[in-house]
file entry.pdb (PDB, C-alpha atoms and all ligand atoms)
MODEL        1
ATOM      1  CA  MET A   1     -10.728  15.739  82.264  1.00  0.00           C
ATOM      2  CA  PRO A   2      -9.601  16.494  85.809  1.00  0.00           C
ATOM      3  CA  ASP A   3     -10.547  13.955  88.447  1.00  0.00           C
ATOM      4  CA  ASP A   4     -12.462  16.510  90.434  1.00  0.00           C
ATOM      5  CA  ALA A   5     -14.619  17.622  87.532  1.00  0.00           C
ATOM      6  CA  ALA A   6     -18.286  17.729  88.377  1.00  0.00           C
ATOM      7  CA  PRO A   7     -19.933  14.409  87.484  1.00  0.00           C
ATOM      8  CA  VAL A   8     -22.989  16.129  86.101  1.00  0.00           C
ATOM      9  CA  VAL A   9     -22.194  18.969  83.769  1.00  0.00           C
ATOM     10  CA  PRO A  10     -25.328  20.941  83.077  1.00  0.00           C
ATOM     11  CA  ALA A  11     -25.678  22.824  79.850  1.00  0.00           C
ATOM     12  CA  ARG A  12     -24.498  26.356  80.172  1.00  0.00           C
ATOM     13  CA  ILE A  13     -24.805  29.405  78.082  1.00  0.00           C
ATOM     14  CA  PHE A  14     -21.485  31.089  77.619  1.00  0.00           C
ATOM     15  CA  PRO A  15     -20.974  34.630  76.454  1.00  0.00           C
ATOM     16  CA  GLY A  16     -19.335  35.083  73.100  1.00  0.00           C
ATOM     17  CA  LEU A  17     -15.595  34.984  73.482  1.00  0.00           C
ATOM     18  CA  SER A  18     -13.545  38.091  72.919  1.00  0.00           C
ATOM     19  CA  GLU A  19      -9.927  38.924  73.505  1.00  0.00           C
ATOM     20  CA  HIS A  20     -11.056  40.470  76.786  1.00  0.00           C
ATOM     21  CA  ASN A  21     -12.877  37.525  78.311  1.00  0.00           C
ATOM     22  CA  ARG A  22     -11.135  34.576  76.678  1.00  0.00           C
ATOM     23  CA  MET A  23      -8.755  33.902  79.567  1.00  0.00           C
ATOM     24  CA  PHE A  24     -11.594  33.929  82.072  1.00  0.00           C
ATOM     25  CA  TRP A  25     -13.427  31.150  80.270  1.00  0.00           C
ATOM     26  CA  THR A  26     -10.438  29.097  79.127  1.00  0.00           C
ATOM     27  CA  GLY A  27      -8.064  29.572  82.067  1.00  0.00           C
ATOM     28  CA  GLY A  28      -9.562  26.601  83.870  1.00  0.00           C
ATOM     29  CA  ALA A  29      -7.703  24.301  81.487  1.00  0.00           C
ATOM     30  CA  ASP A  30      -4.790  24.451  83.934  1.00  0.00           C
ATOM     31  CA  GLY A  31      -6.983  24.829  86.995  1.00  0.00           C
ATOM     32  CA  ARG A  32      -6.307  28.517  87.565  1.00  0.00           C
ATOM     33  CA  LEU A  33      -8.930  31.189  87.817  1.00  0.00           C
ATOM     34  CA  ARG A  34      -7.842  34.291  85.933  1.00  0.00           C
ATOM     35  CA  ILE A  35      -9.165  37.755  86.557  1.00  0.00           C
ATOM     36  CA  THR A  36      -8.339  40.882  84.644  1.00  0.00           C
ATOM     37  CA  ARG A  37      -6.295  43.500  86.402  1.00  0.00           C
ATOM     38  CA  CYS A  38      -5.185  46.932  85.323  1.00  0.00           C
ATOM     39  CA  THR A  39      -1.472  46.959  84.584  1.00  0.00           C
ATOM     40  CA  ARG A  40      -1.238  50.604  85.630  1.00  0.00           C
ATOM     41  CA  CYS A  41      -3.298  51.099  88.796  1.00  0.00           C
ATOM     42  CA  GLY A  42      -3.906  47.517  89.942  1.00  0.00           C
ATOM     43  CA  LEU A  43      -7.697  47.631  89.743  1.00  0.00           C
ATOM     44  CA  TRP A  44      -9.258  44.160  89.497  1.00  0.00           C
ATOM     45  CA  VAL A  45     -12.417  43.882  87.447  1.00  0.00           C
ATOM     46  CA  SER A  46     -14.755  40.944  87.287  1.00  0.00           C
ATOM     47  CA  ARG A  47     -16.153  41.939  83.909  1.00  0.00           C
ATOM     48  CA  PRO A  48     -13.374  42.201  81.385  1.00  0.00           C
ATOM     49  CA  ALA A  49     -13.322  45.476  79.521  1.00  0.00           C
ATOM     50  CA  GLU A  50     -11.110  47.183  77.034  1.00  0.00           C
ATOM     51  CA  ASP A  51      -9.535  49.835  79.223  1.00  0.00           C
ATOM     52  CA  CYS A  52      -9.460  50.551  82.929  1.00  0.00           C
ATOM     53  CA  PRO A  53     -12.415  52.757  83.902  1.00  0.00           C
ATOM     54  CA  ASP A  54     -10.271  54.448  86.529  1.00  0.00           C
ATOM     55  CA  CYS A  55      -7.072  55.271  84.722  1.00  0.00           C
ATOM     56  CA  GLY A  56      -7.420  54.095  81.124  1.00  0.00           C
ATOM     57  CA  GLY A  57      -4.627  51.564  81.550  1.00  0.00           C
ATOM     58  CA  ALA A  58      -4.533  48.203  79.806  1.00  0.00           C
ATOM     59  CA  PHE A  59      -5.813  45.032  81.414  1.00  0.00           C
ATOM     60  CA  GLU A  60      -4.068  41.717  81.671  1.00  0.00           C
ATOM     61  CA  ALA A  61      -5.387  38.360  82.898  1.00  0.00           C
ATOM     62  CA  ARG A  62      -3.758  37.430  86.195  1.00  0.00           C
ATOM     63  CA  PRO A  63      -4.063  34.092  88.004  1.00  0.00           C
ATOM     64  CA  VAL A  64      -5.682  34.389  91.410  1.00  0.00           C
ATOM     65  CA  SER A  65      -5.924  31.984  94.336  1.00  0.00           C
ATOM     66  CA  GLY A  66      -9.435  30.867  93.489  1.00  0.00           C
ATOM     67  CA  ARG A  67     -10.426  31.294  97.121  1.00  0.00           C
ATOM     68  CA  GLY A  68     -13.116  33.492  98.481  1.00  0.00           C
ATOM     69  CA  THR A  69     -16.238  33.706 100.565  1.00  0.00           C
ATOM     70  CA  VAL A  70     -19.924  33.620  99.784  1.00  0.00           C
ATOM     71  CA  HIS A  71     -21.099  37.232  99.685  1.00  0.00           C
ATOM     72  CA  THR A  72     -24.722  36.469  98.918  1.00  0.00           C
ATOM     73  CA  TYR A  73     -26.601  33.522  97.500  1.00  0.00           C
ATOM     74  CA  THR A  74     -29.966  32.095  96.614  1.00  0.00           C
ATOM     75  CA  ILE A  75     -31.157  28.511  96.391  1.00  0.00           C
ATOM     76  CA  ASN A  76     -32.966  27.998  93.145  1.00  0.00           C
ATOM     77  CA  HIS A  77     -35.802  25.466  93.086  1.00  0.00           C
ATOM     78  CA  GLN A  78     -37.186  26.398  89.699  1.00  0.00           C
ATOM     79  CA  PRO A  79     -36.195  24.104  86.828  1.00  0.00           C
ATOM     80  CA  PHE A  80     -35.407  26.922  84.414  1.00  0.00           C
ATOM     81  CA  ASN A  81     -33.158  24.583  82.492  1.00  0.00           C
ATOM     82  CA  PRO A  82     -34.192  20.917  82.258  1.00  0.00           C
ATOM     83  CA  ALA A  83     -30.521  19.927  82.050  1.00  0.00           C
ATOM     84  CA  VAL A  84     -29.773  21.406  85.467  1.00  0.00           C
ATOM     85  CA  PRO A  85     -31.142  19.454  88.427  1.00  0.00           C
ATOM     86  CA  VAL A  86     -32.685  21.528  91.201  1.00  0.00           C
ATOM     87  CA  PRO A  87     -32.160  22.724  93.804  1.00  0.00           C
ATOM     88  CA  TYR A  88     -28.889  24.458  93.091  1.00  0.00           C
ATOM     89  CA  VAL A  89     -27.110  27.422  94.578  1.00  0.00           C
ATOM     90  CA  ILE A  90     -26.528  30.646  92.707  1.00  0.00           C
ATOM     91  CA  ALA A  91     -24.035  32.827  94.537  1.00  0.00           C
ATOM     92  CA  ILE A  92     -21.913  35.912  94.415  1.00  0.00           C
ATOM     93  CA  VAL A  93     -18.450  34.990  95.649  1.00  0.00           C
ATOM     94  CA  GLU A  94     -16.054  37.657  96.861  1.00  0.00           C
ATOM     95  CA  LEU A  95     -12.491  36.685  96.015  1.00  0.00           C
ATOM     96  CA  VAL A  96      -9.741  37.135  98.582  1.00  0.00           C
ATOM     97  CA  GLU A  97      -7.644  39.189  96.165  1.00  0.00           C
ATOM     98  CA  GLY A  98      -9.732  42.271  96.470  1.00  0.00           C
ATOM     99  CA  PRO A  99     -12.481  43.787  98.522  1.00  0.00           C
ATOM    100  CA  GLU A 100     -15.567  43.942  96.333  1.00  0.00           C
ATOM    101  CA  LEU A 101     -13.982  41.693  93.698  1.00  0.00           C
ATOM    102  CA  ARG A 102     -17.002  39.497  93.139  1.00  0.00           C
ATOM    103  CA  ILE A 103     -18.127  37.008  90.540  1.00  0.00           C
ATOM    104  CA  ALA A 104     -21.455  35.332  89.921  1.00  0.00           C
ATOM    105  CA  THR A 105     -21.195  31.565  90.115  1.00  0.00           C
ATOM    106  CA  ASN A 106     -22.690  28.374  91.517  1.00  0.00           C
ATOM    107  CA  ILE A 107     -21.810  26.592  94.752  1.00  0.00           C
ATOM    108  CA  VAL A 108     -21.619  22.861  94.057  1.00  0.00           C
ATOM    109  CA  ASP A 109     -20.693  19.572  95.726  1.00  0.00           C
ATOM    110  CA  CYS A 110     -22.518  20.364  98.940  1.00  0.00           C
ATOM    111  CA  GLU A 111     -25.997  20.436 100.397  1.00  0.00           C
ATOM    112  CA  PRO A 112     -27.630  23.690  99.282  1.00  0.00           C
ATOM    113  CA  ASP A 113     -28.886  24.215 102.831  1.00  0.00           C
ATOM    114  CA  SER A 114     -25.299  24.170 104.132  1.00  0.00           C
ATOM    115  CA  VAL A 115     -24.378  27.290 102.187  1.00  0.00           C
ATOM    116  CA  HIS A 116     -24.308  30.526 104.154  1.00  0.00           C
ATOM    117  CA  VAL A 117     -23.001  34.047 103.819  1.00  0.00           C
ATOM    118  CA  GLY A 118     -19.318  34.069 104.696  1.00  0.00           C
ATOM    119  CA  LEU A 119     -18.773  30.412 103.798  1.00  0.00           C
ATOM    120  CA  ALA A 120     -15.174  29.905 102.661  1.00  0.00           C
ATOM    121  CA  VAL A 121     -15.105  28.461  99.170  1.00  0.00           C
ATOM    122  CA  GLU A 122     -12.602  27.612  96.479  1.00  0.00           C
ATOM    123  CA  VAL A 123     -12.842  27.322  92.746  1.00  0.00           C
ATOM    124  CA  ARG A 124     -13.412  24.254  90.603  1.00  0.00           C
ATOM    125  CA  PHE A 125     -14.027  24.146  86.911  1.00  0.00           C
ATOM    126  CA  GLU A 126     -16.699  22.559  84.796  1.00  0.00           C
ATOM    127  CA  ARG A 127     -15.422  21.718  81.343  1.00  0.00           C
ATOM    128  CA  HIS A 128     -17.829  22.270  78.502  1.00  0.00           C
ATOM    129  CA  ASP A 129     -17.368  21.322  74.893  1.00  0.00           C
ATOM    130  CA  THR A 130     -18.644  24.283  72.863  1.00  0.00           C
ATOM    131  CA  ASP A 131     -18.405  25.734  69.392  1.00  0.00           C
ATOM    132  CA  ASP A 132     -15.595  27.903  70.745  1.00  0.00           C
ATOM    133  CA  GLY A 133     -13.711  24.825  71.934  1.00  0.00           C
ATOM    134  CA  ASP A 134     -13.388  23.674  75.531  1.00  0.00           C
ATOM    135  CA  LEU A 135     -14.590  26.299  77.975  1.00  0.00           C
ATOM    136  CA  TYR A 136     -14.248  26.082  81.734  1.00  0.00           C
ATOM    137  CA  ALA A 137     -16.984  27.512  83.904  1.00  0.00           C
ATOM    138  CA  PRO A 138     -15.695  28.471  87.351  1.00  0.00           C
ATOM    139  CA  VAL A 139     -17.878  27.098  90.148  1.00  0.00           C
ATOM    140  CA  PHE A 140     -17.097  26.966  93.843  1.00  0.00           C
ATOM    141  CA  VAL A 141     -17.071  24.291  96.537  1.00  0.00           C
ATOM    142  CA  PRO A 142     -16.723  24.706 100.302  1.00  0.00           C
ATOM    143  CA  GLN A 143     -13.082  24.827 101.359  1.00  0.00           C
ATOM    144  CA  VAL A 144     -11.978  21.650 103.076  1.00  0.00           C
ATOM    145  CA  GLU A 145     -10.260  23.594 105.821  1.00  0.00           C
ATOM    146  CA  THR A 146     -12.619  25.372 108.149  1.00  0.00           C
ATOM    147  CA  ALA A 147     -10.156  28.191 108.739  1.00  0.00           C
ATOM    148  CA  GLU A 148     -11.218  31.666 107.785  1.00  0.00           C
ATOM    149  CA  PRO A 149      -9.584  32.988 104.633  1.00  0.00           C
ATOM    150  CA  GLU A 150      -6.643  35.221 105.354  1.00  0.00           C
ATOM    151  CA  ARG A 151      -8.489  38.441 104.968  1.00  0.00           C
ATOM    152  CA  SER A 152      -5.964  40.250 107.083  1.00  0.00           C
ATOM    153  CA  VAL A 153      -3.432  40.022 104.279  1.00  0.00           C
ATOM    154  CA  VAL A 154      -5.802  41.583 101.808  1.00  0.00           C
ATOM    155  CA  GLY A 155      -4.679  45.123 102.246  1.00  0.00           C
ATOM    156  CA  ASN A 156      -5.338  48.300 100.394  1.00  0.00           C
ATOM    157  CA  VAL A 157      -1.816  48.676  99.129  1.00  0.00           C
ATOM    158  CA  ASP A 158      -2.667  48.038  95.517  1.00  0.00           C
ATOM    159  CA  GLU A 159      -6.156  49.394  95.460  1.00  0.00           C
ATOM    160  CA  PRO A 160      -6.592  52.443  97.608  1.00  0.00           C
ATOM    161  CA  ARG A 161     -10.046  53.371  96.445  1.00  0.00           C
ATOM    162  CA  THR A 162     -13.503  51.990  96.156  1.00  0.00           C
ATOM    163  CA  ASN A 163     -14.239  52.007  92.500  1.00  0.00           C
ATOM    164  CA  ALA A 164     -17.472  52.739  90.754  1.00  0.00           C
ATOM    165  CA  HIS A 165     -17.191  49.465  88.917  1.00  0.00           C
ATOM    166  CA  HIS A 166     -18.554  47.487  91.827  1.00  0.00           C
ATOM    167  CA  ARG A 167     -20.912  50.037  93.239  1.00  0.00           C
ATOM    168  CA  GLY A 168     -23.947  48.335  91.814  1.00  0.00           C
ATOM    169  CA  SER A 169     -23.369  45.186  93.815  1.00  0.00           C
ATOM    170  CA  PRO A 170     -26.040  44.288  96.338  1.00  0.00           C
TER     171      PRO A 170
HETATM  172 ZN    ZN B   1      -6.298  51.426  86.060  1.00  0.00          ZN
ENDMDL
END
call {"tool": "encode", "arguments": {"input": "entry.pdb", "output": "structure tokens"}}
result
Amino acid sequence: MPDDAAPVVPARIFPGLSEHNRMFWTGGADGRLRITRCTRCGLWVSRPAEDCPDCGGAFEARPVSGRGTVHTYTINHQPFNPAVPVPYVIAIVELVEGPELRIATNIVDCEPDSVHVGLAVEVRFERHDTDDGDLYAPVFVPQVETAEPERSVVGNVDEPRTNAHHRGSP
């Protein structure tokens, strides 16, 4: 287990694994967050699917930096799961690789009250022993550096359009 693994690993419910989401949930074994990207048009999607909704191209799992910013969050005080101590932070993190490339996650290893929209965060993984083998849930911690993520380098070269895939985001 990595040294920086969370000391308390709450029970989690994982989705059933498929060929489309397997890399997302197992990629943490080497510490890299992997997101699916269309091999034809470069569209990133946070929910693995069979074919690209924009162009019908095939997806592949690509390692990303694991850095992003808090897009929105909520501090949960309700003990929905007895194994998970409250309060804890549920957040949508926008990854630096793509505008509107967002994943639902938890912010850990910090005071819940210190979390704010725009907080720079980076990925960690919680290892869970499941019937599908070891799965790695991506969670995020505040970046040690206080510098803003390099948003200026996130251009529109690869992804010229806003895609319908993310339109439902808050
Ligand atoms: Zn595509």
call {"tool": "closest_atom_pairs", "arguments": {"input": "entry.pdb", "of": "chain A", "to": "ligand ZN 1 (chain B)", "cutoff": "8 Å", "atoms": "only C-alpha atoms and all ligand atoms", "output": "CSV"}}
result
residue,atom,partner,partner_atom,distance
A:Arg37,CA,B:ZN1,ZN,7.9
A:Cys38,CA,B:ZN1,ZN,4.7
A:Thr39,CA,B:ZN1,ZN,6.7
A:Arg40,CA,B:ZN1,ZN,5.1
A:Cys41,CA,B:ZN1,ZN,4.1
A:Gly42,CA,B:ZN1,ZN,6.0
A:Leu43,CA,B:ZN1,ZN,5.5
A:Asp51,CA,B:ZN1,ZN,7.7
A:Cys52,CA,B:ZN1,ZN,4.5
A:Pro53,CA,B:ZN1,ZN,6.6
A:Asp54,CA,B:ZN1,ZN,5.0
A:Cys55,CA,B:ZN1,ZN,4.1
A:Gly56,CA,B:ZN1,ZN,5.7
A:Gly57,CA,B:ZN1,ZN,4.8
A:Ala58,CA,B:ZN1,ZN,7.3
A:Phe59,CA,B:ZN1,ZN,7.9
call {"tool": "residues_around", "arguments": {"input": "entry.pdb", "residues": "Ala120 in chain A", "least_positions_apart": "2", "cutoff": "6 Å", "atoms": "all atoms listed in the file", "output": "list in words"}}
result
Gly68, Thr69, Pro142 and Gln143 of chain A
call {"tool": "residues_around", "arguments": {"input": "entry.pdb", "residues": "Gly31 in chain A", "least_positions_apart": "6", "cutoff": "10 Å", "atoms": "all atoms listed in the file", "output": "MDAnalysis selection string"}}
result
chainID A and resid 2 63 66 123:125 136 138
call {"tool": "closest_residue", "arguments": {"input": "entry.pdb", "among": "A:Leu101, A:Val121, A:Ile35, A:Val108", "to": "Met23 in chain A", "atoms": "all atoms listed in the file"}}
result
A:Ile35
call {"tool": "atom_distance", "arguments": {"input": "entry.pdb", "atom1": "CA of Glu60 in chain A", "atom2": "CA of Tyr73 in chain A"}}
result
28.7 Å
call {"tool": "closest_atom_pairs", "arguments": {"input": "entry.pdb", "of": "range 68-114 of chain A", "to": "range 11-21 of chain A", "cutoff": "9 Å", "atoms": "only C-alpha atoms", "output": "tab-separated table"}}
result
residue	atom	partner	partner_atom	distance
A:Asn81	CA	A:Ala11	CA	8.1
A:Ala83	CA	A:Ala11	CA	6.1
A:Val84	CA	A:Ala11	CA	7.1
call {"tool": "write_last_selection", "arguments": {"input": "entry.pdb", "atoms": "C-alpha atoms", "output": "PDB file, keeping the file's coordinate frame"}}
result
ATOM      1  CA  ASN A  81     -33.158  24.583  82.492  1.00  0.00           C
ATOM      2  CA  ALA A  83     -30.521  19.927  82.050  1.00  0.00           C
ATOM      3  CA  VAL A  84     -29.773  21.406  85.467  1.00  0.00           C
TER       4      VAL A  84
END
call {"tool": "resolve_selection", "arguments": {"input": "entry.pdb", "expression": "the PyMOL selection byres (((chain A and resi 34) around 6) and not hetatm)", "output": "list of chain:residue names"}}
result
A:Phe24, A:Leu33, A:Ile35, A:Ala61, A:Arg62, A:Pro63, A:Val64
call {"tool": "write_last_selection", "arguments": {"input": "entry.pdb", "atoms": "C-alpha atoms", "output": "PDB file, in the frame of the given file"}}
result
ATOM      1  CA  PHE A  24     -11.594  33.929  82.072  1.00  0.00           C
ATOM      2  CA  LEU A  33      -8.930  31.189  87.817  1.00  0.00           C
ATOM      3  CA  ILE A  35      -9.165  37.755  86.557  1.00  0.00           C
ATOM      4  CA  ALA A  61      -5.387  38.360  82.898  1.00  0.00           C
ATOM      5  CA  ARG A  62      -3.758  37.430  86.195  1.00  0.00           C
ATOM      6  CA  PRO A  63      -4.063  34.092  88.004  1.00  0.00           C
ATOM      7  CA  VAL A  64      -5.682  34.389  91.410  1.00  0.00           C
TER       8      VAL A  64
END
call {"tool": "resolve_selection", "arguments": {"input": "entry.pdb", "expression": "the PyMOL selection byres (((chain A and resi 94) around 8) and not hetatm)", "output": "list in words"}}
result
Gly68, Thr69, Val70, His71, Ile92, Val93, Leu95, Val96, Gly98, Pro99, Glu100, Leu101, Arg102 and Ile103 of chain A
call {"tool": "write_last_selection", "arguments": {"input": "entry.pdb", "atoms": "C-alpha atoms", "output": "compact mmCIF listing (two decimals), in the frame of the given file"}}
result
# COMPACT_ATOMS: atom_id res chain seq x y z
CA GLY A 68 -13.12 33.49 98.48
CA THR A 69 -16.24 33.71 100.56
CA VAL A 70 -19.92 33.62 99.78
CA HIS A 71 -21.10 37.23 99.68
CA ILE A 92 -21.91 35.91 94.42
CA VAL A 93 -18.45 34.99 95.65
CA LEU A 95 -12.49 36.68 96.02
CA VAL A 96 -9.74 37.14 98.58
CA GLY A 98 -9.73 42.27 96.47
CA PRO A 99 -12.48 43.79 98.52
CA GLU A 100 -15.57 43.94 96.33
CA LEU A 101 -13.98 41.69 93.70
CA ARG A 102 -17.00 39.50 93.14
CA ILE A 103 -18.13 37.01 90.54
call {"tool": "atom_distance", "arguments": {"input": "entry.pdb", "atom1": "CA of Arg32 in chain A", "atom2": "CA of Ser65 in chain A"}}
result
7.6 Å
call {"tool": "resolve_selection", "arguments": {"input": "entry.pdb", "expression": "the PyMOL selection byres (((chain A and resi 87) around 8) and not hetatm)", "output": "list in words"}}
result
Ile75, Asn76, His77, Gln78, Pro85, Val86, Tyr88, Val89 and Pro112 of chain A
call {"tool": "closest_residue", "arguments": {"input": "entry.pdb", "among": "A:Thr74, A:Thr130, A:Pro82, A:Val139", "to": "Asp113 in chain A", "atoms": "only C-alpha atoms"}}
result
A:Thr74
call {"tool": "atom_distance", "arguments": {"input": "entry.pdb", "atom1": "CA of His128 in chain A", "atom2": "CA of Gly27 in chain A"}}
result
12.7 Å
call {"tool": "decode", "arguments": {"input": "entry.pdb", "residues": "range 21-90 of chain A", "atoms": "C-alpha atoms", "output": "mmCIF file, in the first residue's frame"}}
result
data_model
loop_
_atom_site.group_PDB
_atom_site.id
_atom_site.type_symbol
_atom_site.label_atom_id
_atom_site.label_comp_id
_atom_site.auth_asym_id
_atom_site.auth_seq_id
_atom_site.Cartn_x
_atom_site.Cartn_y
_atom_site.Cartn_z
ATOM 1 C CA ASN A 21 -14.476 1.665 -16.810
ATOM 2 C CA ARG A 22 -11.869 -0.832 -15.641
ATOM 3 C CA MET A 23 -8.892 1.484 -16.118
ATOM 4 C CA PHE A 24 -10.590 4.264 -14.189
ATOM 5 C CA TRP A 25 -10.996 2.100 -11.110
ATOM 6 C CA THR A 26 -7.753 0.129 -11.324
ATOM 7 C CA GLY A 27 -5.390 2.770 -12.719
ATOM 8 C CA GLY A 28 -4.554 3.988 -9.235
ATOM 9 C CA ALA A 29 -2.385 0.909 -8.750
ATOM 10 C CA ASP A 30 0.470 2.929 -10.254
ATOM 11 C CA GLY A 31 -0.765 6.246 -8.913
ATOM 12 C CA ARG A 32 -2.079 7.587 -12.209
ATOM 13 C CA LEU A 33 -5.578 8.802 -12.814
ATOM 14 C CA ARG A 34 -6.834 7.590 -16.177
ATOM 15 C CA ILE A 35 -9.625 9.185 -18.127
ATOM 16 C CA THR A 36 -11.112 7.984 -21.363
ATOM 17 C CA ARG A 37 -10.460 10.040 -24.439
ATOM 18 C CA CYS A 38 -11.683 9.679 -27.981
ATOM 19 C CA THR A 39 -8.885 8.500 -30.242
ATOM 20 C CA ARG A 40 -10.417 10.346 -33.188
ATOM 21 C CA CYS A 41 -11.582 13.775 -32.006
ATOM 22 C CA GLY A 42 -9.857 14.101 -28.624
ATOM 23 C CA LEU A 43 -13.020 14.420 -26.548
ATOM 24 C CA TRP A 44 -12.458 13.555 -22.876
ATOM 25 C CA VAL A 45 -15.347 11.918 -21.077
ATOM 26 C CA SER A 46 -15.678 11.362 -17.374
ATOM 27 C CA ARG A 47 -18.157 8.525 -17.784
ATOM 28 C CA PRO A 48 -16.667 5.803 -19.914
ATOM 29 C CA ALA A 49 -18.847 4.783 -22.814
ATOM 30 C CA GLU A 50 -18.588 2.514 -25.776
ATOM 31 C CA ASP A 51 -18.228 5.052 -28.557
ATOM 32 C CA CYS A 52 -17.662 8.782 -28.721
ATOM 33 C CA PRO A 53 -21.002 10.622 -28.670
ATOM 34 C CA ASP A 54 -19.558 13.281 -30.950
ATOM 35 C CA CYS A 55 -17.862 11.329 -33.687
ATOM 36 C CA GLY A 56 -18.372 7.629 -32.980
ATOM 37 C CA GLY A 57 -14.649 7.079 -32.503
ATOM 38 C CA ALA A 58 -13.174 4.587 -30.063
ATOM 39 C CA PHE A 59 -12.102 5.542 -26.567
ATOM 40 C CA GLU A 60 -8.839 4.776 -24.872
ATOM 41 C CA ALA A 61 -7.789 5.325 -21.252
ATOM 42 C CA ARG A 62 -5.180 8.070 -21.038
ATOM 43 C CA PRO A 63 -3.183 9.054 -17.948
ATOM 44 C CA VAL A 64 -3.828 12.611 -16.832
ATOM 45 C CA SER A 65 -2.017 14.884 -14.392
ATOM 46 C CA GLY A 66 -4.444 14.250 -11.564
ATOM 47 C CA ARG A 67 -4.599 17.975 -10.888
ATOM 48 C CA GLY A 68 -7.629 20.152 -10.936
ATOM 49 C CA THR A 69 -9.757 22.607 -9.046
ATOM 50 C CA VAL A 70 -12.869 22.305 -6.940
ATOM 51 C CA HIS A 71 -15.794 23.221 -9.185
ATOM 52 C CA THR A 72 -18.485 22.763 -6.568
ATOM 53 C CA TYR A 73 -18.744 20.934 -3.280
ATOM 54 C CA THR A 74 -20.896 20.170 -0.291
ATOM 55 C CA ILE A 75 -19.970 19.253 3.260
ATOM 56 C CA ASN A 76 -21.930 16.236 4.321
ATOM 57 C CA HIS A 77 -22.860 15.937 7.996
ATOM 58 C CA GLN A 78 -25.294 13.075 7.629
ATOM 59 C CA PRO A 79 -23.945 9.637 8.551
ATOM 60 C CA PHE A 80 -25.417 7.885 5.526
ATOM 61 C CA ASN A 81 -22.802 5.190 5.874
ATOM 62 C CA PRO A 82 -21.707 4.222 9.399
ATOM 63 C CA ALA A 83 -18.265 3.317 8.048
ATOM 64 C CA VAL A 84 -17.639 6.864 6.844
ATOM 65 C CA PRO A 85 -16.973 9.423 9.574
ATOM 66 C CA VAL A 86 -18.670 12.785 9.135
ATOM 67 C CA PRO A 87 -18.268 15.510 8.188
ATOM 68 C CA TYR A 88 -16.744 14.819 4.810
ATOM 69 C CA VAL A 89 -16.557 16.731 1.574
ATOM 70 C CA ILE A 90 -18.284 15.625 -1.593
#
